[in-house]
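**Q** One file is attached below, structure-v7.cif, containing mmCIF, C-alpha atoms.
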data_entry
#
loop_
_atom_site.group_PDB
_atom_site.id
_atom_site.type_symbol
_atom_site.label_atom_id
_atom_site.label_comp_id
_atom_site.auth_asym_id
_atom_site.auth_seq_id
_atom_site.Cartn_x
_atom_site.Cartn_y
_atom_site.Cartn_z
ATOM 1 C CA MET B 887 -28.181 -30.062 10.485
ATOM 2 C CA ASN B 888 -31.313 -28.142 11.377
ATOM 3 C CA GLN B 889 -34.285 -28.253 9.042
ATOM 4 C CA ILE B 890 -35.650 -24.696 8.799
ATOM 5 C CA ASP B 891 -37.539 -22.503 6.391
ATOM 6 C CA ILE B 892 -35.360 -20.531 4.013
ATOM 7 C CA PRO B 893 -35.576 -16.809 4.938
ATOM 8 C CA VAL B 894 -37.589 -14.793 2.435
ATOM 9 C CA PHE B 895 -34.670 -12.834 1.003
ATOM 10 C CA LYS B 896 -32.635 -16.039 0.627
ATOM 11 C CA ALA B 897 -35.556 -17.738 -1.126
ATOM 12 C CA GLN B 898 -35.758 -14.877 -3.604
ATOM 13 C CA LEU B 899 -32.087 -15.285 -4.399
ATOM 14 C CA LEU B 900 -32.455 -19.019 -4.887
ATOM 15 C CA ASP B 901 -35.352 -18.366 -7.270
ATOM 16 C CA GLU B 902 -33.036 -16.163 -9.314
ATOM 17 C CA LEU B 903 -30.453 -18.940 -9.429
ATOM 18 C CA ARG B 904 -33.092 -21.365 -10.631
ATOM 19 C CA SER B 905 -34.061 -19.064 -13.486
ATOM 20 C CA GLU B 906 -30.480 -19.003 -14.726
ATOM 21 C CA LEU B 907 -30.719 -22.666 -15.671
ATOM 22 C CA ASP B 908 -32.941 -21.796 -18.612
ATOM 23 C CA THR B 909 -30.221 -19.666 -20.216
ATOM 24 C CA GLN B 910 -26.977 -21.323 -19.120
ATOM 25 C CA THR B 911 -26.172 -24.876 -20.169
ATOM 26 C CA GLU B 912 -22.426 -25.038 -20.716
ATOM 27 C CA ALA B 913 -20.147 -26.989 -18.383
ATOM 28 C CA SER B 914 -17.987 -25.177 -15.861
ATOM 29 C CA THR B 915 -14.929 -23.393 -17.169
ATOM 30 C CA SER B 916 -12.241 -21.199 -15.674
ATOM 31 C CA VAL B 917 -10.863 -17.985 -17.108
ATOM 32 C CA ILE B 918 -8.561 -15.234 -15.961
ATOM 33 C CA GLU B 919 -10.281 -11.874 -16.127
ATOM 34 C CA LEU B 920 -8.667 -8.514 -15.368
ATOM 35 C CA ASP B 921 -10.617 -6.291 -13.009
ATOM 36 C CA LYS B 922 -10.638 -3.200 -15.209
ATOM 37 C CA ARG B 923 -12.253 -0.946 -12.632
ATOM 38 C CA ARG B 924 -9.083 -0.735 -10.560
ATOM 39 C CA PRO B 925 -6.212 1.673 -11.213
ATOM 40 C CA ARG B 926 -3.073 0.005 -12.539
ATOM 41 C CA ARG B 927 -1.282 -0.179 -9.201
ATOM 42 C CA HIS B 928 -4.129 -2.223 -7.743
ATOM 43 C CA ARG B 929 -4.794 -4.490 -10.710
ATOM 44 C CA SER B 930 -4.181 -8.208 -10.455
ATOM 45 C CA ALA B 931 -5.277 -11.329 -12.290
ATOM 46 C CA ILE B 932 -8.387 -12.538 -10.513
ATOM 47 C CA LEU B 933 -9.859 -15.964 -11.070
ATOM 48 C CA LYS B 934 -13.463 -15.525 -12.060
ATOM 49 C CA VAL B 935 -15.524 -18.617 -12.653
ATOM 50 C CA ALA B 936 -18.406 -19.027 -15.101
ATOM 51 C CA ALA B 937 -20.606 -22.061 -14.617
ATOM 52 C CA ALA B 938 -24.112 -23.329 -15.232
ATOM 53 C CA ALA B 939 -26.523 -22.421 -12.447
ATOM 54 C CA VAL B 940 -28.339 -25.290 -10.798
ATOM 55 C CA VAL B 941 -31.912 -26.018 -9.774
ATOM 56 C CA LEU B 942 -32.241 -26.642 -6.063
ATOM 57 C CA ALA B 943 -35.290 -28.866 -6.328
ATOM 58 C CA GLY B 944 -35.287 -31.384 -3.518
ATOM 59 C CA ALA B 945 -32.899 -29.281 -1.438
ATOM 60 C CA GLY B 946 -31.836 -31.065 1.713
ATOM 61 C CA ALA B 947 -30.511 -29.770 4.988
ATOM 62 C CA ILE B 948 -29.892 -26.091 5.589
ATOM 63 C CA THR B 949 -27.185 -24.734 7.864
ATOM 64 C CA THR B 950 -27.276 -21.132 9.031
ATOM 65 C CA GLY B 951 -24.892 -18.843 10.848
ATOM 66 C CA GLY B 952 -26.527 -16.158 12.962
ATOM 67 C CA SER B 953 -30.189 -16.062 13.943
ATOM 68 C CA ASN B 954 -32.859 -17.929 11.994
ATOM 69 C CA ASP B 955 -34.655 -14.620 11.345
ATOM 70 C CA SER B 956 -31.645 -12.993 9.690
ATOM 71 C CA PRO B 957 -28.703 -15.374 9.334
ATOM 72 C CA THR B 958 -25.347 -13.974 8.286
ATOM 73 C CA PHE B 959 -25.047 -16.956 5.985
ATOM 74 C CA ALA B 960 -27.187 -19.868 4.824
ATOM 75 C CA LEU B 961 -25.811 -23.087 3.342
ATOM 76 C CA THR B 962 -28.106 -25.469 1.489
ATOM 77 C CA GLU B 963 -27.211 -28.995 0.426
ATOM 78 C CA SER B 964 -29.233 -30.775 -2.264
ATOM 79 C CA ALA B 965 -29.454 -34.477 -3.011
ATOM 80 C CA ASP B 966 -27.440 -34.107 -6.230
ATOM 81 C CA SER B 967 -24.154 -32.869 -4.710
ATOM 82 C CA ILE B 968 -25.002 -29.191 -5.038
ATOM 83 C CA ILE B 969 -24.260 -26.679 -2.279
ATOM 84 C CA THR B 970 -25.664 -23.163 -2.337
ATOM 85 C CA VAL B 971 -24.345 -20.484 0.018
ATOM 86 C CA THR B 972 -25.770 -16.989 0.501
ATOM 87 C CA TRP B 973 -24.757 -14.338 3.024
ATOM 88 C CA ASP B 974 -25.661 -10.870 4.260
ATOM 89 C CA ASP B 975 -23.518 -7.779 3.738
ATOM 90 C CA GLY B 976 -22.687 -7.938 7.431
ATOM 91 C CA PHE B 977 -21.210 -11.441 7.194
ATOM 92 C CA THR B 978 -17.891 -11.758 9.058
ATOM 93 C CA ASP B 979 -17.859 -15.263 10.533
ATOM 94 C CA GLY B 980 -15.558 -16.862 7.992
ATOM 95 C CA ALA B 981 -14.540 -19.663 10.351
ATOM 96 C CA ALA B 982 -18.151 -20.820 10.774
ATOM 97 C CA LEU B 983 -18.777 -20.845 7.023
ATOM 98 C CA ALA B 984 -15.490 -22.611 6.309
ATOM 99 C CA GLN B 985 -16.326 -25.296 8.859
ATOM 100 C CA SER B 986 -19.822 -25.756 7.416
ATOM 101 C CA LEU B 987 -18.350 -26.187 3.946
ATOM 102 C CA ARG B 988 -15.745 -28.657 5.194
ATOM 103 C CA ASP B 989 -18.484 -30.631 6.898
ATOM 104 C CA ALA B 990 -20.177 -30.756 3.496
ATOM 105 C CA GLY B 991 -16.973 -31.972 1.815
ATOM 106 C CA VAL B 992 -15.569 -28.736 0.358
ATOM 107 C CA ASP B 993 -12.239 -27.468 1.714
ATOM 108 C CA ILE B 994 -12.395 -23.670 1.564
ATOM 109 C CA ASN B 995 -10.668 -20.972 3.581
ATOM 110 C CA VAL B 996 -12.681 -17.758 3.873
ATOM 111 C CA ASN B 997 -10.619 -14.575 3.622
ATOM 112 C CA PHE B 998 -11.951 -11.050 4.114
ATOM 113 C CA LEU B 999 -10.841 -7.898 2.303
ATOM 114 C CA SER B 1000 -11.560 -4.384 3.549
ATOM 115 C CA ALA B 1001 -14.071 -3.033 1.033
ATOM 116 C CA SER B 1002 -15.527 0.237 -0.138
ATOM 117 C CA PRO B 1003 -19.309 0.592 0.404
ATOM 118 C CA SER B 1004 -20.517 -0.857 -2.913
ATOM 119 C CA MET B 1005 -18.265 -3.924 -2.571
ATOM 120 C CA ILE B 1006 -19.242 -4.978 0.956
ATOM 121 C CA GLY B 1007 -20.518 -8.548 0.848
ATOM 122 C CA ASN B 1008 -19.165 -9.184 -2.658
ATOM 123 C CA LEU B 1009 -17.364 -12.436 -3.324
ATOM 124 C CA GLN B 1010 -14.390 -11.172 -5.268
ATOM 125 C CA SER B 1011 -12.546 -14.367 -6.201
ATOM 126 C CA ILE B 1012 -12.225 -18.116 -5.791
ATOM 127 C CA ALA B 1013 -8.727 -19.520 -6.139
ATOM 128 C CA PRO B 1014 -7.318 -23.021 -5.632
ATOM 129 C CA THR B 1015 -4.330 -23.369 -3.295
ATOM 130 C CA ASP B 1016 -2.637 -25.535 -5.939
ATOM 131 C CA SER B 1017 -1.871 -23.326 -8.946
ATOM 132 C CA ASP B 1018 -2.117 -26.364 -11.257
ATOM 133 C CA VAL B 1019 -5.765 -26.929 -10.321
ATOM 134 C CA LEU B 1020 -8.644 -25.157 -12.056
ATOM 135 C CA ALA B 1021 -11.525 -23.866 -9.947
ATOM 136 C CA THR B 1022 -14.216 -25.824 -11.766
ATOM 137 C CA GLY B 1023 -17.585 -26.425 -10.206
ATOM 138 C CA PHE B 1024 -18.109 -22.935 -8.787
ATOM 139 C CA THR B 1025 -20.620 -20.239 -9.705
ATOM 140 C CA TYR B 1026 -20.655 -16.970 -7.823
ATOM 141 C CA ASP B 1027 -22.140 -13.516 -8.005
ATOM 142 C CA ASN B 1028 -21.875 -10.936 -5.228
ATOM 143 C CA ASN B 1029 -23.449 -12.450 -2.099
ATOM 144 C CA ALA B 1030 -24.003 -15.979 -3.366
ATOM 145 C CA MET B 1031 -22.019 -19.054 -4.365
ATOM 146 C CA VAL B 1032 -23.118 -22.353 -5.897
ATOM 147 C CA ILE B 1033 -20.789 -25.360 -5.713
ATOM 148 C CA ASP B 1034 -21.090 -28.589 -7.677
ATOM 149 C CA THR B 1035 -19.129 -30.796 -5.299
ATOM 150 C CA SER B 1036 -18.747 -33.535 -7.916
ATOM 151 C CA GLN B 1037 -16.331 -31.229 -9.765
ATOM 152 C CA VAL B 1038 -14.418 -29.828 -6.791
ATOM 153 C CA THR B 1039 -11.071 -31.243 -5.670
ATOM 154 C CA GLY B 1040 -8.352 -29.783 -3.481
ATOM 155 C CA GLU B 1041 -8.278 -26.722 -1.258
ATOM 156 C CA TYR B 1042 -9.591 -23.270 -2.198
ATOM 157 C CA ARG B 1043 -9.682 -19.733 -0.880
ATOM 158 C CA ILE B 1044 -12.492 -17.230 -1.324
ATOM 159 C CA ASP B 1045 -12.192 -13.460 -0.835
ATOM 160 C CA ILE B 1046 -15.224 -11.531 0.455
ATOM 161 C CA GLY B 1047 -15.467 -7.789 1.015
ATOM 162 C CA ILE B 1048 -16.330 -6.481 4.479
ATOM 163 C CA ALA B 1049 -16.779 -3.058 6.050
ATOM 164 C CA SER B 1050 -13.557 -1.802 7.608
ATOM 165 C CA ASP B 1051 -11.889 1.353 8.902
ATOM 166 C CA ASP B 1052 -8.664 0.288 7.190
ATOM 167 C CA PRO B 1053 -7.727 1.505 3.689
ATOM 168 C CA TRP B 1054 -9.830 -0.454 1.228
ATOM 169 C CA GLU B 1055 -8.343 -3.441 -0.575
ATOM 170 C CA LEU B 1056 -11.471 -4.049 -2.633
ATOM 171 C CA THR B 1057 -12.948 -1.016 -4.338
ATOM 172 C CA GLY B 1058 -15.804 -0.376 -6.704
ATOM 173 C CA SER B 1059 -16.170 2.578 -9.016
ATOM 174 C CA ALA B 1060 -16.512 5.828 -7.073
ATOM 175 C CA PHE B 1061 -19.671 6.438 -9.148
ATOM 176 C CA ASP B 1062 -21.403 3.272 -7.868
ATOM 177 C CA HIS B 1063 -24.244 3.239 -5.361
ATOM 178 C CA ASP B 1064 -23.152 4.322 -1.884
ATOM 179 C CA GLU B 1065 -19.690 5.336 -3.105
ATOM 180 C CA VAL B 1066 -18.231 8.808 -2.658
ATOM 181 C CA LEU B 1067 -19.312 10.101 -6.117
ATOM 182 C CA ASP B 1068 -22.599 8.193 -6.232
ATOM 183 C CA GLY B 1069 -24.939 9.751 -8.806
ATOM 184 C CA LEU B 1070 -22.464 12.231 -10.273
ATOM 185 C CA PRO B 1071 -22.831 10.866 -13.842
ATOM 186 C CA CYS B 1072 -26.551 11.649 -13.538
ATOM 187 C CA ALA B 1073 -25.838 15.353 -13.112
ATOM 188 C CA VAL B 1074 -23.355 15.975 -15.943
ATOM 189 C CA PRO B 1075 -23.475 15.328 -19.687
ATOM 190 C CA ALA B 1076 -21.887 12.191 -21.110
ATOM 191 C CA PRO B 1077 -19.105 11.548 -21.792
ATOM 192 C CA MET B 1078 -17.900 13.105 -18.550
ATOM 193 C CA GLN B 1079 -15.197 15.723 -18.809
ATOM 194 C CA ALA B 1080 -12.975 16.558 -15.858
ATOM 195 C CA SER B 1081 -13.941 20.212 -16.211
ATOM 196 C CA ASP B 1082 -17.621 19.256 -15.813
ATOM 197 C CA ILE B 1083 -17.242 17.401 -12.536
ATOM 198 C CA ALA B 1084 -14.463 19.403 -10.847
ATOM 199 C CA PRO B 1085 -16.732 22.289 -9.718
ATOM 200 C CA LEU B 1086 -19.305 19.859 -8.313
ATOM 201 C CA ILE B 1087 -16.686 17.983 -6.306
ATOM 202 C CA ALA B 1088 -14.826 21.052 -5.066
ATOM 203 C CA ASP B 1089 -17.132 21.863 -2.141
ATOM 204 C CA ARG B 1090 -17.536 18.270 -0.904
ATOM 205 C CA GLY B 1091 -14.520 18.337 1.403
ATOM 206 C CA LEU B 1092 -12.840 15.481 -0.449
ATOM 207 C CA ASP B 1093 -9.143 14.873 -0.874
ATOM 208 C CA VAL B 1094 -9.061 14.645 -4.689
ATOM 209 C CA VAL B 1095 -6.109 13.251 -6.615
ATOM 210 C CA TRP B 1096 -6.194 13.962 -10.361
ATOM 211 C CA ILE B 1097 -4.269 11.545 -12.591
ATOM 212 C CA LEU B 1098 -3.666 12.555 -16.212
ATOM 213 C CA ASN B 1099 -2.847 9.875 -18.786
ATOM 214 C CA ARG B 1100 -1.880 9.740 -22.442
ATOM 215 C CA VAL B 1101 -1.983 6.809 -24.851
ATOM 216 C CA VAL B 1102 1.394 5.184 -25.526
ATOM 217 C CA ASP B 1103 2.600 2.032 -27.245
ATOM 218 C CA ALA B 1104 2.409 -1.042 -25.060
ATOM 219 C CA PRO B 1105 5.729 -2.016 -23.426
ATOM 220 C CA PRO B 1106 7.885 -4.343 -25.548
ATOM 221 C CA GLU B 1107 7.643 -7.150 -22.998
ATOM 222 C CA ILE B 1108 3.950 -7.499 -23.770
ATOM 223 C CA GLY B 1109 4.894 -8.663 -27.262
ATOM 224 C CA GLU B 1110 2.435 -9.921 -29.815
ATOM 225 C CA ARG B 1111 -0.735 -11.791 -29.056
ATOM 226 C CA GLY B 1112 -0.020 -15.428 -28.207
ATOM 227 C CA ASP B 1113 -2.243 -18.427 -28.905
ATOM 228 C CA ASP B 1114 -2.842 -18.909 -25.184
ATOM 229 C CA GLN B 1115 -3.579 -15.267 -24.393
ATOM 230 C CA VAL B 1116 -6.899 -14.554 -22.729
ATOM 231 C CA GLY B 1117 -8.782 -11.699 -24.334
ATOM 232 C CA PRO B 1118 -7.817 -9.437 -27.244
ATOM 233 C CA PHE B 1119 -4.302 -8.084 -27.606
ATOM 234 C CA ASN B 1120 -4.087 -4.291 -27.339
ATOM 235 C CA PRO B 1121 -0.890 -2.613 -28.571
ATOM 236 C CA PHE B 1122 -1.641 0.537 -26.562
ATOM 237 C CA THR B 1123 -1.639 1.406 -22.886
ATOM 238 C CA LEU B 1124 -1.737 4.505 -20.687
ATOM 239 C CA ALA B 1125 1.102 6.446 -19.107
ATOM 240 C CA GLY B 1126 1.015 9.559 -16.965
ATOM 241 C CA GLY B 1127 0.902 10.762 -13.410
ATOM 242 C CA ILE B 1128 -0.582 13.031 -10.782
ATOM 243 C CA VAL B 1129 -1.311 16.649 -11.679
ATOM 244 C CA ASP B 1130 -1.997 19.609 -9.381
ATOM 245 C CA SER B 1131 -5.538 20.391 -10.520
ATOM 246 C CA ALA B 1132 -8.356 19.125 -12.691
ATOM 247 C CA PRO B 1133 -6.937 18.676 -16.216
ATOM 248 C CA ALA B 1134 -8.744 18.983 -19.530
ATOM 249 C CA GLY B 1135 -9.875 15.604 -20.751
ATOM 250 C CA LEU B 1136 -12.234 12.644 -20.551
ATOM 251 C CA VAL B 1137 -12.886 10.997 -17.186
ATOM 252 C CA LEU B 1138 -11.807 7.364 -17.510
ATOM 253 C CA TYR B 1139 -12.643 6.154 -14.029
ATOM 254 C CA ALA B 1140 -12.682 7.191 -10.380
ATOM 255 C CA MET B 1141 -11.757 5.123 -7.342
ATOM 256 C CA SER B 1142 -11.804 5.703 -3.607
ATOM 257 C CA PHE B 1143 -9.397 3.772 -1.413
ATOM 258 C CA GLU B 1144 -10.419 5.203 1.939
ATOM 259 C CA PRO B 1145 -13.179 7.446 3.289
ATOM 260 C CA GLY B 1146 -12.966 11.103 2.272
ATOM 261 C CA SER B 1147 -10.648 10.644 -0.696
ATOM 262 C CA VAL B 1148 -10.961 9.868 -4.381
ATOM 263 C CA GLU B 1149 -8.589 9.323 -7.299
ATOM 264 C CA ILE B 1150 -9.906 10.437 -10.690
ATOM 265 C CA THR B 1151 -8.106 9.251 -13.817
ATOM 266 C CA VAL B 1152 -8.426 11.420 -16.934
ATOM 267 C CA LEU B 1153 -7.468 10.784 -20.555
ATOM 268 C CA ALA B 1154 -5.697 13.903 -21.852
ATOM 269 C CA GLU B 1155 -7.598 16.117 -24.252
ATOM 270 C CA GLY B 1156 -6.977 15.092 -27.861
ATOM 271 C CA GLU B 1157 -6.220 11.437 -27.066
ATOM 272 C CA SER B 1158 -8.453 8.764 -28.567
ATOM 273 C CA PRO B 1159 -10.260 6.544 -26.054
ATOM 274 C CA ASP B 1160 -10.794 3.992 -28.835
ATOM 275 C CA LYS B 1161 -7.167 2.881 -28.447
ATOM 276 C CA VAL B 1162 -7.627 1.869 -24.822
ATOM 277 C CA PRO B 1163 -11.269 0.795 -24.503
ATOM 278 C CA GLU B 1164 -10.536 -1.762 -21.781
ATOM 279 C CA LEU B 1165 -9.134 1.023 -19.578
ATOM 280 C CA THR B 1166 -12.066 3.342 -20.125
ATOM 281 C CA GLU B 1167 -14.986 3.263 -17.723
ATOM 282 C CA SER B 1168 -18.173 4.515 -19.278
ATOM 283 C CA PRO B 1169 -20.313 4.983 -16.171
ATOM 284 C CA SER B 1170 -23.621 3.254 -16.651
ATOM 285 C CA VAL B 1171 -25.906 3.919 -13.719
ATOM 286 C CA ALA B 1172 -29.637 3.836 -13.231
ATOM 287 C CA CYS B 1173 -30.163 7.556 -12.923
ATOM 288 C CA THR B 1174 -33.046 8.863 -10.870
ATOM 289 C CA PRO B 1175 -34.019 12.426 -9.966
ATOM 290 C CA GLU B 1176 -32.918 11.681 -6.412
ATOM 291 C CA ARG B 1177 -29.428 10.610 -7.458
ATOM 292 C CA ALA B 1178 -28.990 13.594 -9.745
ATOM 293 C CA ALA B 1179 -30.292 15.955 -7.047
ATOM 294 C CA ARG B 1180 -27.325 15.100 -4.858
ATOM 295 C CA TRP B 1181 -25.152 17.085 -7.293
ATOM 296 C CA ASN B 1182 -27.469 19.703 -8.743
ATOM 297 C CA GLN B 1183 -26.674 23.169 -7.434
#
Go through the file and emit its structure as structure tokens.

**A**
Amino acid sequence: MNQIDIPVFKAQLLDELRSELDTQTEASTSVIELDKRRPRRHRSAILKVAAAAVVLAGAGAITTGGSNDSPTFALTESADSIITVTWDDGFTDGAALAQSLRDAGVDINVNFLSASPSMIGNLQSIAPTDSDVLATGFTYDNNAMVIDTSQVTGEYRIDIGIASDDPWELTGSAFDHDEVLDGLPCAVPAPMQASDIAPLIADRGLDVVWILNRVVDAPPEIGERGDDQVGPFNPFTLAGGIVDSAPAGLVLYAMSFEPGSVEITVLAEGESPDKVPELTESPSVACTPERAARWNQ
């Protein structure tokens, strides 16, 4: 493998990984976490892995894909069985990365998902091919992955978001940076009401689908909380459907599944959001005058 200098932006990311060691000391674990930012029809159990970050002191050979000035990915191997991988938003050469990882002793297939703007480059999940195997030894966050090869056995698949003209399989909140409603929470009072945002959206040329929900008892098949259940048991859920125009109520979340369209889910007026907190998105964005100005009229 070629010995090269780590590009500046990759070095900055590695510095961030090093700093994590001071605050994370627990061994790798695996949990199932529900991606709550997706509407119900797109929700699925996604394996998210929490692990201690590692110091890359004494890092060995570095493999890159792309040019040395701006590689689409960089793979670093250290002397203590640690592999660190970083990639650009424009990364699409999954075969090259998979081969580099196999050469380093980790059997991973790289899969790409069409992604909305804020999710391009994000590593969405790591899953073992064998359902009886836990994905221990992995740490990941957006455009970076750290692998402790001493803990990794079997074959895995990773899903990474890429830019695509196809309908998006991986979507962030429509209020996120670069998404279709970027900055809208900066221009309206919190908590956002559908009536507050409807006039601002009306002249944007968007295909808007309004979904109105009410709180109902959870389906009987959910049952009571079991000893092996991940997360708190909630006896309530949402039920509803598409309505013709902006309804009265609290904006729960907004998603865009293709350019020029957005689905906005609203909790009906009079319903308590406290019963379904895990389904309620409270947009938290770093508001700036520039972001708010996009919506001020």

**Q** Give the answer as one residue: which of B:Asp1052, B:Asp1082, B:Asp1062, B:Glu1157 has the shortest atom-to-atom distance to Tyr1139 in chain B, using all atoms listed in the file?

**A**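 Closest to Tyr1139 in chain B, using all atoms listed in the file: B:Asp1062.
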
**Q** CA of Thr1022 in chain B and CA of Ser964 in chain B are how many Å apart?

**A**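 Going from CA of Thr1022 in chain B over to CA of Ser964 in chain B covers 18.4 Å.
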
**Q** For Thr950 in chain B, find every residue with an atom within 7 Å (counting all atoms listed in the file), except residues of its own chain fewer than 2 positions away, and show them as a list of chain:residue names.

**A**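 Selected residues are B:Ile948, B:Gly952, B:Pro957, B:Phe959, B:Ala960, B:Leu961.
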
**Q** Work out how far CA of Thr970 in chain B is from CA of Ser1059 in chain B, in Å to one decimal.

**A**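 So the two atoms, CA of Ser1059 in chain B and CA of Thr970 in chain B, lie 28.2 Å apart.
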
**Q** Counting all atoms listed in the file, which of B:Phe1119, B:Phe1143, B:Tyr1042, B:Trp973 gets nearest to Val996 in chain B?

**A**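 That would be B:Tyr1042, the residue with the smallest distance to Val996 in chain B.
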
**Q** Might you spell out which residues the PyMOL selection byres ((chain B and resi 1177) around 8) would select in the displayed file, as a list in words?

**A**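 Selection result, ordered by chain and number: Asp1068, Gly1069, Leu1070, Cys1072, Cys1173, Thr1174, Pro1175, Glu1176, Ala1178, Ala1179, Arg1180 and Trp1181 of chain B.
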
**Q** Between B:Ser1081, B:Asn1029, B:Thr1151, B:Ser986, which residue has the minimum interatomic distance to Ile1128 in chain B, considering all atoms listed in the file?

**A** B:Thr1151

**Q** Taking (-2.1, -33.1, -2.8) in the file's coordinates as the center, which residues reach within 12 Å of it, counting all atoms listed in the file, put as a list in words?

**A**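 Every residue inside that radius is included here: Pro1014, Thr1015, Asp1016, Ser1017, Asp1018, Val1019, Thr1039, Gly1040 and Glu1041 of chain B.
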
**Q** How many Å separate CA of Val1129 in chain B from CA of Leu1153 in chain B?

**A**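 We find that CA of Val1129 in chain B and CA of Leu1153 in chain B lie 12.3 Å from each other.
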
**Q** Give the answer as one residue: which of B:Ser1036, B:Ser1004, B:Gly951, B:Gly976 has the shortest atom-to-atom distance to Gly991 in chain B, using all atoms listed in the file?

**A** B:Ser1036

**Q** Given the file shown, enumerate the residues that the PyMOL selection byres ((chain B and resi 990) around 10) captures and present them as a ChimeraX atom specification.

**A** /B:961-963,967-969,984-989,991-993,1035

**Q** Run the PyMOL selection byres ((chain B and resi 999) around 8) mentally over the shown coordinates, then write out the matched residues as number ranges by chain, using the chain letters and numbers from the document.

**A** B: 997-998, 1000-1001, 1045-1048, 1054-1056

**Q** In terms of the shortest atom-to-atom distance over all atoms listed in the file, which of B:Ser1002, B:Thr958, B:Asn1120, B:Ser1011 is closest to Ser1050 in chain B?

**A**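 The answer is B:Ser1002, which sits nearest to Ser1050 in chain B.
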
**Q** Of the candidates B:Pro1085, B:Pro1077, B:Gly980, B:Pro1053, which shows the shortest atom-to-atom distance to Val1152 in chain B, using all atoms listed in the file?

**A**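 Nearest to Val1152 in chain B: B:Pro1077.
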
**Q** Given 5 Å of margin on each side, can you work out the centre and size in Å (one decimal) of an axis-aligned box holding every listed atom of range 1092-1108 of chain B, as lines of an AutoDock Vina configuration file?

**A**
center_x = -2.5
center_y = 4.0
center_z = -13.8
size_x = 30.7
size_y = 33.0
size_z = 36.8

**Q** Hey, what's within 6 Å of Ala1104 in chain B if we count all atoms listed in the file and toss same-chain stuff fewer than 2 positions away? As a ChimeraX atom specification, please?

**A** /B:1121-1123
